file structure-v1.cif (mmCIF, C-alpha atoms)
data_protein
loop_
_atom_site.label_atom_id
_atom_site.label_comp_id
_atom_site.auth_asym_id
_atom_site.auth_seq_id
_atom_site.Cartn_x
_atom_site.Cartn_y
_atom_site.Cartn_z
CA MET A 32 2.04 3.25 -2.92
CA THR A 33 4.48 3.96 -0.19
CA ARG A 34 6.11 7.28 0.47
CA THR A 35 9.54 5.90 -0.41
CA LEU A 36 8.62 5.24 -4.04
CA ARG A 37 7.09 8.68 -4.47
CA ASP A 38 10.03 10.36 -2.77
CA ARG A 39 12.34 8.61 -5.24
CA THR A 40 10.62 10.37 -8.13
CA ARG A 41 11.51 13.74 -6.61
CA THR A 42 15.23 12.99 -6.88
CA ALA A 43 15.21 11.18 -10.24
CA PRO A 44 16.35 12.81 -13.49
CA ALA A 45 13.68 15.05 -15.01
CA VAL A 46 12.59 12.67 -17.78
CA LEU A 47 12.40 9.70 -15.45
CA LEU A 48 10.53 11.78 -12.89
CA ALA A 49 7.80 12.66 -15.36
CA VAL A 50 7.43 9.14 -16.72
CA LEU A 51 7.61 7.42 -13.35
CA GLY A 52 5.08 9.81 -11.85
CA LEU A 53 2.54 8.80 -14.46
CA LEU A 54 3.33 5.14 -14.05
CA LEU A 55 2.94 5.27 -10.30
CA GLY A 56 -0.58 6.51 -10.82
CA ALA A 57 -1.34 3.89 -13.44
CA ALA A 58 0.21 1.17 -11.31
CA ALA A 59 -2.24 1.80 -8.53
CA CYS A 60 -5.17 0.97 -10.82
CA SER A 61 -4.52 -2.75 -10.61
CA THR A 62 -7.17 -5.14 -11.85
CA GLY A 63 -5.94 -8.00 -9.72
CA GLU A 64 -5.72 -10.25 -12.76
CA ALA A 65 -2.82 -12.61 -13.28
CA ALA A 66 0.02 -11.19 -15.32
CA PRO A 67 -0.01 -12.07 -19.02
CA GLY A 68 2.48 -14.71 -19.97
CA ALA A 69 2.90 -15.91 -16.38
CA PRO A 70 2.25 -19.63 -15.93
CA ALA A 71 -0.34 -20.26 -13.22
CA ALA A 72 2.11 -22.30 -11.18
CA SER A 73 4.79 -19.63 -11.35
CA ALA A 74 3.05 -16.41 -10.36
CA THR A 75 -0.38 -16.10 -8.83
CA ALA A 76 -2.00 -12.74 -8.18
CA ALA A 77 -4.05 -12.28 -5.01
CA THR A 78 -7.65 -13.40 -5.54
CA ALA A 79 -9.39 -13.05 -2.14
CA ASP A 80 -11.88 -10.31 -3.10
CA PRO A 81 -9.04 -7.88 -3.88
CA ASP A 82 -11.39 -5.12 -5.06
CA ARG A 83 -13.87 -4.96 -2.19
CA ILE A 84 -13.79 -3.57 1.33
CA GLU A 85 -15.38 -5.36 4.29
CA ALA A 86 -17.02 -2.57 6.29
CA LEU A 87 -17.99 -2.92 9.93
CA PRO A 88 -21.57 -4.24 10.23
CA ASP A 89 -22.95 -1.18 12.04
CA THR A 90 -22.64 2.30 10.56
CA PRO A 91 -21.17 4.58 13.24
CA ALA A 92 -22.41 8.11 13.96
CA PRO A 93 -19.50 10.55 14.28
CA ARG A 94 -19.32 12.45 17.55
CA LEU A 95 -17.87 15.86 16.72
CA PRO A 96 -16.21 18.29 17.13
CA VAL A 97 -12.84 16.76 17.97
CA THR A 98 -9.34 18.21 17.99
CA VAL A 99 -6.62 15.80 16.94
CA PRO A 100 -2.87 16.05 16.32
CA SER A 101 -1.59 16.12 12.75
CA ALA A 102 1.74 14.46 11.93
CA ASP A 103 3.11 17.80 10.74
CA GLY A 104 2.85 19.26 14.25
CA ARG A 105 -0.51 21.01 14.03
CA GLN A 106 -3.65 20.57 16.11
CA VAL A 107 -6.65 20.23 13.79
CA THR A 108 -10.30 20.61 14.80
CA VAL A 109 -12.88 18.63 12.84
CA THR A 110 -16.50 19.77 13.18
CA SER A 111 -18.11 17.62 10.47
CA ALA A 112 -17.43 14.30 8.75
CA ASP A 113 -20.24 14.70 6.24
CA ARG A 114 -17.90 15.10 3.25
CA ILE A 115 -14.60 13.20 3.58
CA ILE A 116 -11.74 13.19 1.09
CA PRO A 117 -8.98 10.62 1.77
CA LEU A 118 -5.95 11.44 -0.37
CA ASN A 119 -4.58 7.92 -0.81
CA GLY A 120 -5.88 4.39 -1.16
CA SER A 121 -4.80 3.25 2.29
CA LEU A 122 -6.71 6.07 3.98
CA ALA A 123 -9.75 5.48 1.76
CA GLU A 124 -9.66 1.82 2.77
CA LEU A 125 -9.86 2.87 6.41
CA VAL A 126 -12.75 5.29 5.83
CA PHE A 127 -14.78 2.62 4.04
CA SER A 128 -13.86 -0.12 6.53
CA LEU A 129 -15.08 2.07 9.40
CA GLY A 130 -18.48 2.22 7.70
CA LEU A 131 -18.17 5.83 6.54
CA GLY A 132 -17.75 5.19 2.84
CA ASP A 133 -21.03 6.90 1.96
CA ARG A 134 -19.50 10.14 3.26
CA ALA A 135 -16.45 9.98 0.94
CA VAL A 136 -16.82 12.44 -1.94
CA ALA A 137 -13.60 11.84 -3.91
CA ARG A 138 -10.66 9.47 -4.30
CA ASP A 139 -7.10 9.42 -5.52
CA VAL A 140 -5.69 7.15 -8.24
CA SER A 141 -4.52 4.51 -5.76
CA THR A 142 -8.06 3.94 -4.46
CA THR A 143 -9.04 1.01 -6.64
CA PHE A 144 -11.59 -1.01 -4.67
CA GLU A 145 -15.08 -1.48 -6.06
CA GLN A 146 -17.10 0.61 -3.60
CA ALA A 147 -15.15 3.77 -4.45
CA ALA A 148 -15.09 3.28 -8.23
CA LYS A 149 -17.69 5.97 -9.01
CA LEU A 150 -16.05 8.72 -6.94
CA PRO A 151 -14.28 11.50 -8.86
CA VAL A 152 -10.47 11.30 -8.97
CA ILE A 153 -8.77 14.44 -7.65
CA THR A 154 -5.10 13.52 -8.15
CA GLN A 155 -2.87 13.17 -11.18
CA ALA A 156 -0.29 10.49 -10.54
CA HIS A 157 0.01 11.22 -6.80
CA GLU A 158 -0.09 15.01 -7.03
CA VAL A 159 -3.15 16.58 -5.42
CA SER A 160 -5.24 19.22 -7.18
CA ALA A 161 -6.24 21.80 -4.57
CA GLU A 162 -8.87 23.18 -6.94
CA GLY A 163 -10.32 19.72 -7.45
CA VAL A 164 -10.48 19.10 -3.71
CA LEU A 165 -12.04 22.47 -2.89
CA SER A 166 -14.62 22.19 -5.67
CA LEU A 167 -16.15 19.25 -3.79
CA HIS A 168 -16.58 21.24 -0.55
CA PRO A 169 -15.02 18.68 1.84
CA THR A 170 -15.52 19.03 5.58
CA VAL A 171 -12.38 17.02 6.36
CA VAL A 172 -9.37 15.87 4.32
CA LEU A 173 -7.05 12.99 5.27
CA ALA A 174 -3.48 12.98 3.95
CA ASP A 175 -0.09 11.46 4.74
CA ARG A 176 3.45 12.78 4.72
CA SER A 177 3.89 12.00 1.04
CA THR A 178 0.85 14.03 -0.03
CA GLY A 179 1.87 16.91 -2.24
CA PRO A 180 2.68 19.33 -3.60
CA ALA A 181 3.03 21.36 -0.41
CA GLU A 182 1.42 24.35 -2.14
CA ALA A 183 -1.76 22.34 -2.68
CA VAL A 184 -1.88 21.26 0.95
CA ASP A 185 -1.39 24.88 2.06
CA GLN A 186 -4.11 26.07 -0.32
CA ILE A 187 -6.62 23.55 1.06
CA ARG A 188 -5.85 24.61 4.62
CA ALA A 189 -5.98 28.30 3.71
CA ALA A 190 -9.55 27.73 2.51
CA GLY A 191 -10.45 26.66 6.03
CA VAL A 192 -10.74 22.93 5.40
CA PRO A 193 -9.49 20.71 8.27
CA LEU A 194 -6.63 18.65 6.84
CA ILE A 195 -5.00 15.96 8.97
CA VAL A 196 -1.64 14.48 8.02
CA LEU A 197 -0.92 10.93 9.19
CA ASP A 198 2.45 9.22 9.44
CA ASP A 199 3.15 6.68 6.70
CA ALA A 200 2.49 3.04 7.57
CA LYS A 201 5.39 0.75 6.65
CA LYS A 202 5.07 -2.25 8.97
CA LEU A 203 2.48 -4.41 10.69
CA ASP A 204 2.89 -2.57 13.98
CA ASP A 205 1.66 0.60 12.24
CA VAL A 206 -1.76 -0.85 11.39
CA GLY A 207 -3.41 -0.47 14.80
CA PRO A 208 -2.23 3.10 15.53
CA ARG A 209 -3.22 4.21 12.01
CA ILE A 210 -6.76 2.87 12.50
CA ASP A 211 -6.98 4.63 15.86
CA ARG A 212 -5.88 7.98 14.43
CA VAL A 213 -8.24 7.95 11.47
CA ALA A 214 -11.16 6.86 13.65
CA ALA A 215 -10.38 9.60 16.18
CA ALA A 216 -10.19 12.26 13.47
CA LEU A 217 -13.61 11.24 12.15
CA GLY A 218 -15.23 11.09 15.58
CA VAL A 219 -15.76 7.31 15.66
CA PRO A 220 -13.20 5.97 18.16
CA GLU A 221 -15.37 3.02 19.22
CA ALA A 222 -15.69 1.87 15.61
CA GLY A 223 -11.94 2.26 15.33
CA ALA A 224 -11.42 0.00 18.34
CA ARG A 225 -13.65 -2.66 16.76
CA LEU A 226 -11.90 -2.43 13.42
CA LYS A 227 -8.48 -2.61 15.05
CA GLU A 228 -9.49 -5.66 17.08
CA ARG A 229 -10.89 -7.38 13.98
CA THR A 230 -7.78 -6.63 11.91
CA GLN A 231 -5.32 -7.72 14.59
CA ARG A 232 -7.29 -10.91 15.21
CA GLN A 233 -7.28 -11.73 11.51
CA ILE A 234 -3.53 -11.13 11.29
CA ALA A 235 -2.99 -13.42 14.30
CA ASP A 236 -5.21 -16.10 12.73
CA VAL A 237 -3.13 -16.07 9.54
CA GLN A 238 0.13 -16.33 11.48
CA ALA A 239 -1.24 -19.17 13.62
CA GLN A 240 -1.75 -21.24 10.46
CA LEU A 241 1.82 -20.85 9.21
CA PRO A 242 4.03 -23.93 9.21
CA ALA A 243 6.56 -24.13 12.01
CA ALA A 244 9.69 -22.17 11.15
CA GLY A 245 12.61 -24.38 10.19
CA ALA A 246 16.28 -23.74 10.67
CA THR A 247 16.19 -21.32 7.75
CA ARG A 248 13.39 -19.25 6.30
CA PRO A 249 12.96 -18.77 2.54
CA LYS A 250 14.53 -15.49 1.43
CA VAL A 251 12.17 -13.20 -0.48
CA ALA A 252 13.31 -10.26 -2.62
CA PHE A 253 10.81 -7.45 -3.21
CA LEU A 254 11.24 -5.97 -6.68
CA TYR A 255 9.59 -2.74 -7.82
CA LEU A 256 9.18 -2.91 -11.60
CA ARG A 257 8.00 -0.44 -14.22
CA GLY A 258 9.10 -1.85 -17.53
CA SER A 259 8.02 1.01 -19.83
CA ALA A 260 10.19 3.45 -17.88
CA SER A 261 13.03 0.94 -17.36
CA VAL A 262 12.64 1.31 -13.59
CA PHE A 263 13.82 -1.84 -11.82
CA LEU A 264 14.46 -1.57 -8.08
CA LEU A 265 15.41 -4.04 -5.35
CA GLY A 266 13.77 -3.43 -1.99
CA GLY A 267 15.85 -2.80 1.12
CA PRO A 268 14.93 -2.66 4.82
CA ASP A 269 12.84 0.52 4.42
CA SER A 270 10.86 -0.53 1.34
CA GLY A 271 7.76 -1.38 3.36
CA ALA A 272 7.82 -5.07 2.39
CA PRO A 273 10.11 -6.66 5.05
CA SER A 274 7.47 -6.63 7.80
CA LEU A 275 5.02 -8.56 5.61
CA ILE A 276 7.68 -10.98 4.39
CA GLU A 277 8.82 -11.76 7.92
CA ALA A 278 5.25 -12.12 9.23
CA ALA A 279 4.55 -14.59 6.40
CA GLY A 280 7.45 -16.77 7.52
CA GLY A 281 10.13 -15.49 5.15
CA GLU A 282 13.30 -13.45 5.37
CA ASP A 283 13.71 -10.20 3.45
CA ALA A 284 16.52 -10.82 0.99
CA GLY A 285 17.47 -7.16 0.67
CA THR A 286 17.93 -6.82 4.42
CA ALA A 287 19.86 -10.08 4.57
CA ALA A 288 22.17 -8.77 1.83
CA HIS A 289 22.90 -5.68 4.00
CA LEU A 290 21.23 -3.22 1.66
CA THR A 291 20.37 0.12 3.23
CA GLY A 292 17.44 2.48 2.79
CA ASP A 293 14.35 1.81 0.73
CA PHE A 294 15.36 0.76 -2.77
CA THR A 295 18.50 0.27 -4.80
CA PRO A 296 18.78 -0.09 -8.60
CA LEU A 297 18.49 -3.71 -9.65
CA THR A 298 21.82 -5.15 -10.83
CA SER A 299 23.01 -8.69 -11.41
CA GLU A 300 25.51 -8.31 -8.59
CA ALA A 301 22.95 -7.04 -6.08
CA LEU A 302 20.39 -9.73 -6.87
CA VAL A 303 22.85 -12.60 -6.99
CA LYS A 304 24.22 -11.44 -3.64
CA ALA A 305 20.69 -11.36 -2.21
CA ALA A 306 20.12 -14.92 -3.54
CA PRO A 307 16.34 -14.95 -3.02
CA ASP A 308 14.39 -18.20 -2.90
CA ALA A 309 11.30 -16.30 -4.07
CA ILE A 310 10.62 -12.91 -5.65
CA LEU A 311 7.73 -10.68 -4.58
CA VAL A 312 6.31 -8.21 -7.11
CA MET A 313 3.20 -6.11 -7.66
CA THR A 314 0.85 -7.47 -10.29
CA LYS A 315 1.07 -4.46 -12.59
CA GLY A 316 4.84 -4.43 -12.24
CA LEU A 317 4.98 -8.04 -13.41
CA GLU A 318 2.70 -7.21 -16.33
CA SER A 319 4.94 -4.27 -17.27
CA VAL A 320 7.92 -6.55 -17.93
CA GLY A 321 5.95 -9.19 -19.83
CA GLY A 322 5.09 -11.62 -17.04
CA VAL A 323 7.40 -14.23 -15.55
CA ASP A 324 9.22 -14.86 -18.82
CA GLY A 325 10.03 -11.17 -19.14
CA LEU A 326 11.08 -10.94 -15.49
CA LEU A 327 13.62 -13.72 -16.04
CA HIS A 328 15.36 -11.53 -18.62
CA LEU A 329 16.11 -8.79 -16.08
CA PRO A 330 19.68 -8.61 -14.72
CA GLY A 331 20.51 -11.52 -12.44
CA VAL A 332 16.96 -12.83 -11.99
CA ALA A 333 17.43 -16.09 -13.90
CA GLN A 334 20.59 -16.87 -11.91
CA THR A 335 18.87 -16.74 -8.50
CA PRO A 336 17.24 -19.74 -6.81
CA ALA A 337 13.91 -17.94 -7.32
CA GLY A 338 14.55 -17.50 -11.02
CA LEU A 339 15.72 -21.06 -11.51
CA ASP A 340 12.55 -22.35 -9.81
CA ARG A 341 10.24 -19.65 -11.27
CA ARG A 342 9.04 -18.87 -7.76
CA ILE A 343 7.40 -15.49 -8.33
CA ILE A 344 4.76 -14.13 -5.93
CA ALA A 345 2.47 -11.43 -7.35
CA VAL A 346 0.15 -9.36 -5.16
CA ASP A 347 -2.30 -6.67 -6.24
CA ASP A 348 -0.71 -3.20 -6.37
CA GLY A 349 -3.44 -1.43 -4.43
CA ARG A 350 -3.22 -3.79 -1.46
CA LEU A 351 0.36 -4.96 -1.01
CA LEU A 352 1.74 -2.08 1.05
CA SER A 353 -1.52 -0.51 2.25
CA TYR A 354 -1.07 -1.64 5.89
CA GLY A 355 -4.71 -1.45 6.90
CA PRO A 356 -7.83 -3.60 7.24
CA ARG A 357 -6.97 -5.66 4.14
CA THR A 358 -3.47 -6.48 5.35
CA PRO A 359 -4.65 -9.86 6.74
CA GLU A 360 -5.70 -10.80 3.18
CA VAL A 361 -2.34 -9.72 1.82
CA LEU A 362 -0.50 -11.67 4.50
CA ARG A 363 -2.57 -14.78 3.84
CA ASP A 364 -1.99 -14.54 0.08
CA LEU A 365 1.73 -14.02 0.55
CA ALA A 366 2.10 -16.85 3.06
CA THR A 367 0.02 -19.25 0.98
CA GLN A 368 2.07 -18.64 -2.16
CA LEU A 369 5.40 -18.66 -0.33
CA HIS A 370 4.87 -21.90 1.56
CA ARG A 371 3.00 -23.72 -1.18
CA ASP A 372 5.88 -23.10 -3.53
CA ALA A 373 8.31 -24.22 -0.85
CA GLU A 374 6.76 -27.63 -0.50
#
call {"tool": "encode", "arguments": {"input": "structure-v1.cif", "output": "structure tokens"}}
result
Amino acid sequence: MTRTLRDRTRTAPAVLLAVLGLLLGAAACSTGEAAPGAPAASATAATADPDRIEALPDTPAPRLPVTVPSADGRQVTVTSADRIIPLNGSLAELVFSLGLGDRAVARDVSTTFEQAAKLPVITQAHEVSAEGVLSLHPTVVLADRSTGPAEAVDQIRAAGVPLIVLDDAKKLDDVGPRIDRVAAALGVPEAGARLKERTQRQIADVQAQLPAAGATRPKVAFLYLRGSASVFLLGGPDSGAPSLIEAAGGEDAGTAAHLTGDFTPLTSEALVKAAPDAILVMTKGLESVGGVDGLLHLPGVAQTPAGLDRRIIAVDDGRLLSYGPRTPEVLRDLATQLHRDAE
């Protein structure tokens, strides 16, 4: 889950904050199955091994100690990578992809891939339990700017545990630097270089197979949906989705409609103005509104070109906005669904 969605819960009304916080955690535990009630031709969830990580073939040996910058302005020295705790799914994906998954001793709720399934969960929704982290005696903790509460982060650091904060990844250009920084913090920069090269090559391979861009690209609206909490949001330029949509050969409908920021409440007026040719959703979000049929009952959806054609693209929650080694899979899934439906 991106920082923007979690930040939104901090400014929501109290009841919505509590409910949405729980749903954000549940949403991350996606099964990757197609949404109930969604016809196969209308919405297809990603199916390219969505719950497994492809680790580098050779297990690297960390060279430590290292001192690395943290995104919150600190310099952090790591002396051991024997017991790693990544505090979100994207960071866990990187640890396992680098070949260091056997050193991970815990996970958060958004870490849903198969290899991490047996690790203890040390977050509730996306709030970190300092006591839970410290009870596992980590030698290094990886976090991002949305990790909280701040008191928990301070408590972990006060116990003497090296904790490195990374900037949030919200576009394709963030993938390479994020791999570099995690690899450097864990003392495996050469493995990081190999993983970055593999990931960038795979992204380039996907883009090379896209059909030639025509005079206009299909407009894609990213909707964040949590039906049980009546949370329906339309993504804007800072939602984290535009970079993927554009790389897949589409145009972000929210940006084209001159929305600002990350998300805006979904209204008939906003969606009709965006006029998307396709709608992108997370799988669990689609399930939460009752599949494609339920989605078409939301304000304005049925009146858009996407709604009229039932062109709904569903991608697994845990992968869509991770911006890491599985991003090539996400991009391929998105491009395949977008351009197949456009034929």
call {"tool": "closest_atom_pairs", "arguments": {"input": "structure-v1.cif", "of": "region 206-279 of chain A", "to": "region 86-103 of chain A", "cutoff": "8 Å", "atoms": "all atoms listed in the file", "output": "CSV"}}
result
residue,atom,partner,partner_atom,distance
A:Ala215,CA,A:Val99,CA,7.3
A:Ala216,CA,A:Val99,CA,6.1
A:Leu217,CA,A:Pro93,CA,6.3
A:Gly218,CA,A:Pro93,CA,4.5
A:Val219,CA,A:Pro93,CA,5.1
A:Ala222,CA,A:Pro91,CA,6.6
A:Leu226,CA,A:Leu87,CA,7.0
call {"tool": "resolve_selection", "arguments": {"input": "structure-v1.cif", "expression": "the PyMOL selection byres ((chain A and resi 202) around 8)", "output": "VMD selection string"}}
result
chain A and resid 200 to 201 203 to 206 271 to 275 354
call {"tool": "residues_around", "arguments": {"input": "structure-v1.cif", "residues": "Thr298 (chain A)", "least_positions_apart": "6", "cutoff": "10 Å", "atoms": "all atoms listed in the file", "output": "PyMOL selection string"}}
result
chain A and resi 263-265+304+329-332
call {"tool": "residues_around", "arguments": {"input": "structure-v1.cif", "residues": "region 255-259 of chain A", "least_positions_apart": "4", "cutoff": "8 Å", "atoms": "all atoms listed in the file", "output": "ChimeraX atom specification"}}
result
/A:51,54,263-266,312-313,316-317,319-320
call {"tool": "closest_residue", "arguments": {"input": "structure-v1.cif", "among": "A:Gly163, A:Gly104, A:Gly120, A:Gly349", "to": "Thr142 (chain A)", "atoms": "all atoms listed in the file"}}
result
A:Gly120
call {"tool": "atom_distance", "arguments": {"input": "structure-v1.cif", "atom1": "CA of Val262 (chain A)", "atom2": "CA of Glu282 (chain A)"}}
result
24.0 Å
call {"tool": "residues_around", "arguments": {"input": "structure-v1.cif", "residues": "Leu167 (chain A)", "least_positions_apart": "3", "cutoff": "9 Å", "atoms": "only C-alpha atoms", "output": "list in words"}}
result
Arg114, Ile116, Val136, Ala137, Glu162, Gly163 and Val164 of chain A
call {"tool": "write_last_selection", "arguments": {"input": "structure-v1.cif", "atoms": "C-alpha atoms", "output": "PDB file, keeping the file's coordinate frame"}}
result
ATOM      1  CA  ARG A 114     -17.900  15.100   3.250  1.00  0.00           C
ATOM      2  CA  ILE A 116     -11.740  13.190   1.090  1.00  0.00           C
ATOM      3  CA  VAL A 136     -16.820  12.440  -1.940  1.00  0.00           C
ATOM      4  CA  ALA A 137     -13.600  11.840  -3.910  1.00  0.00           C
ATOM      5  CA  GLU A 162      -8.870  23.180  -6.940  1.00  0.00           C
ATOM      6  CA  GLY A 163     -10.320  19.720  -7.450  1.00  0.00           C
ATOM      7  CA  VAL A 164     -10.480  19.100  -3.710  1.00  0.00           C
TER       8      VAL A 164
END
call {"tool": "residues_around", "arguments": {"input": "structure-v1.cif", "residues": "Asp236 (chain A)", "least_positions_apart": "5", "cutoff": "10 Å", "atoms": "only C-alpha atoms", "output": "number ranges by chain"}}
result
A: 230-231, 241, 359, 363
call {"tool": "resolve_selection", "arguments": {"input": "structure-v1.cif", "expression": "the PyMOL selection byres ((chain A and resi 277-279) around 12)", "output": "PyMOL selection string"}}
result
chain A and resi 202-204+234-244+248-252+268+271-276+280-284+286-287+358-371
call {"tool": "residues_around", "arguments": {"input": "structure-v1.cif", "residues": "Ala174 (chain A)", "least_positions_apart": "6", "cutoff": "12 Å", "atoms": "all atoms listed in the file", "output": "JSON, numbers by chain"}}
result
{"A": [34, 101, 102, 103, 115, 116, 117, 118, 119, 120, 121, 122, 123, 138, 139, 157, 158, 159, 180, 181, 183, 184, 187, 188, 193, 194, 195, 196, 197, 198, 199, 209, 212, 213, 216]}
call {"tool": "write_last_selection", "arguments": {"input": "structure-v1.cif", "atoms": "C-alpha atoms", "output": "mmCIF file, in the frame of the given file"}}
result
data_model
loop_
_atom_site.group_PDB
_atom_site.id
_atom_site.type_symbol
_atom_site.label_atom_id
_atom_site.label_comp_id
_atom_site.auth_asym_id
_atom_site.auth_seq_id
_atom_site.Cartn_x
_atom_site.Cartn_y
_atom_site.Cartn_z
ATOM 1 C CA ARG A 34 6.110 7.280 0.470
ATOM 2 C CA SER A 101 -1.590 16.120 12.750
ATOM 3 C CA ALA A 102 1.740 14.460 11.930
ATOM 4 C CA ASP A 103 3.110 17.800 10.740
ATOM 5 C CA ILE A 115 -14.600 13.200 3.580
ATOM 6 C CA ILE A 116 -11.740 13.190 1.090
ATOM 7 C CA PRO A 117 -8.980 10.620 1.770
ATOM 8 C CA LEU A 118 -5.950 11.440 -0.370
ATOM 9 C CA ASN A 119 -4.580 7.920 -0.810
ATOM 10 C CA GLY A 120 -5.880 4.390 -1.160
ATOM 11 C CA SER A 121 -4.800 3.250 2.290
ATOM 12 C CA LEU A 122 -6.710 6.070 3.980
ATOM 13 C CA ALA A 123 -9.750 5.480 1.760
ATOM 14 C CA ARG A 138 -10.660 9.470 -4.300
ATOM 15 C CA ASP A 139 -7.100 9.420 -5.520
ATOM 16 C CA HIS A 157 0.010 11.220 -6.800
ATOM 17 C CA GLU A 158 -0.090 15.010 -7.030
ATOM 18 C CA VAL A 159 -3.150 16.580 -5.420
ATOM 19 C CA PRO A 180 2.680 19.330 -3.600
ATOM 20 C CA ALA A 181 3.030 21.360 -0.410
ATOM 21 C CA ALA A 183 -1.760 22.340 -2.680
ATOM 22 C CA VAL A 184 -1.880 21.260 0.950
ATOM 23 C CA ILE A 187 -6.620 23.550 1.060
ATOM 24 C CA ARG A 188 -5.850 24.610 4.620
ATOM 25 C CA PRO A 193 -9.490 20.710 8.270
ATOM 26 C CA LEU A 194 -6.630 18.650 6.840
ATOM 27 C CA ILE A 195 -5.000 15.960 8.970
ATOM 28 C CA VAL A 196 -1.640 14.480 8.020
ATOM 29 C CA LEU A 197 -0.920 10.930 9.190
ATOM 30 C CA ASP A 198 2.450 9.220 9.440
ATOM 31 C CA ASP A 199 3.150 6.680 6.700
ATOM 32 C CA ARG A 209 -3.220 4.210 12.010
ATOM 33 C CA ARG A 212 -5.880 7.980 14.430
ATOM 34 C CA VAL A 213 -8.240 7.950 11.470
ATOM 35 C CA ALA A 216 -10.190 12.260 13.470
#
call {"tool": "atom_distance", "arguments": {"input": "structure-v1.cif", "atom1": "CA of Lys227 (chain A)", "atom2": "CA of Arg350 (chain A)"}}
result
17.4 Å
call {"tool": "atom_distance", "arguments": {"input": "structure-v1.cif", "atom1": "CA of Val140 (chain A)", "atom2": "CA of Val152 (chain A)"}}
result
6.4 Å
call {"tool": "residues_near_point", "arguments": {"input": "structure-v1.cif", "point": "(-13.8, 17.1, 8.4)", "cutoff": "6 Å", "atoms": "all atoms listed in the file", "output": "list in words"}}
result
Val109, Ser111, Ala112, Thr170, Val171 and Pro193 of chain A
call {"tool": "resolve_selection", "arguments": {"input": "structure-v1.cif", "expression": "the PyMOL selection byres ((chain A and resi 291) around 6)", "output": "list of chain:residue names"}}
result
A:Gly267, A:Leu290, A:Gly292
call {"tool": "closest_residue", "arguments": {"input": "structure-v1.cif", "among": "A:Val107, A:Ala147, A:Leu254, A:Leu129", "to": "Arg229 (chain A)", "atoms": "all atoms listed in the file"}}
result
A:Leu129
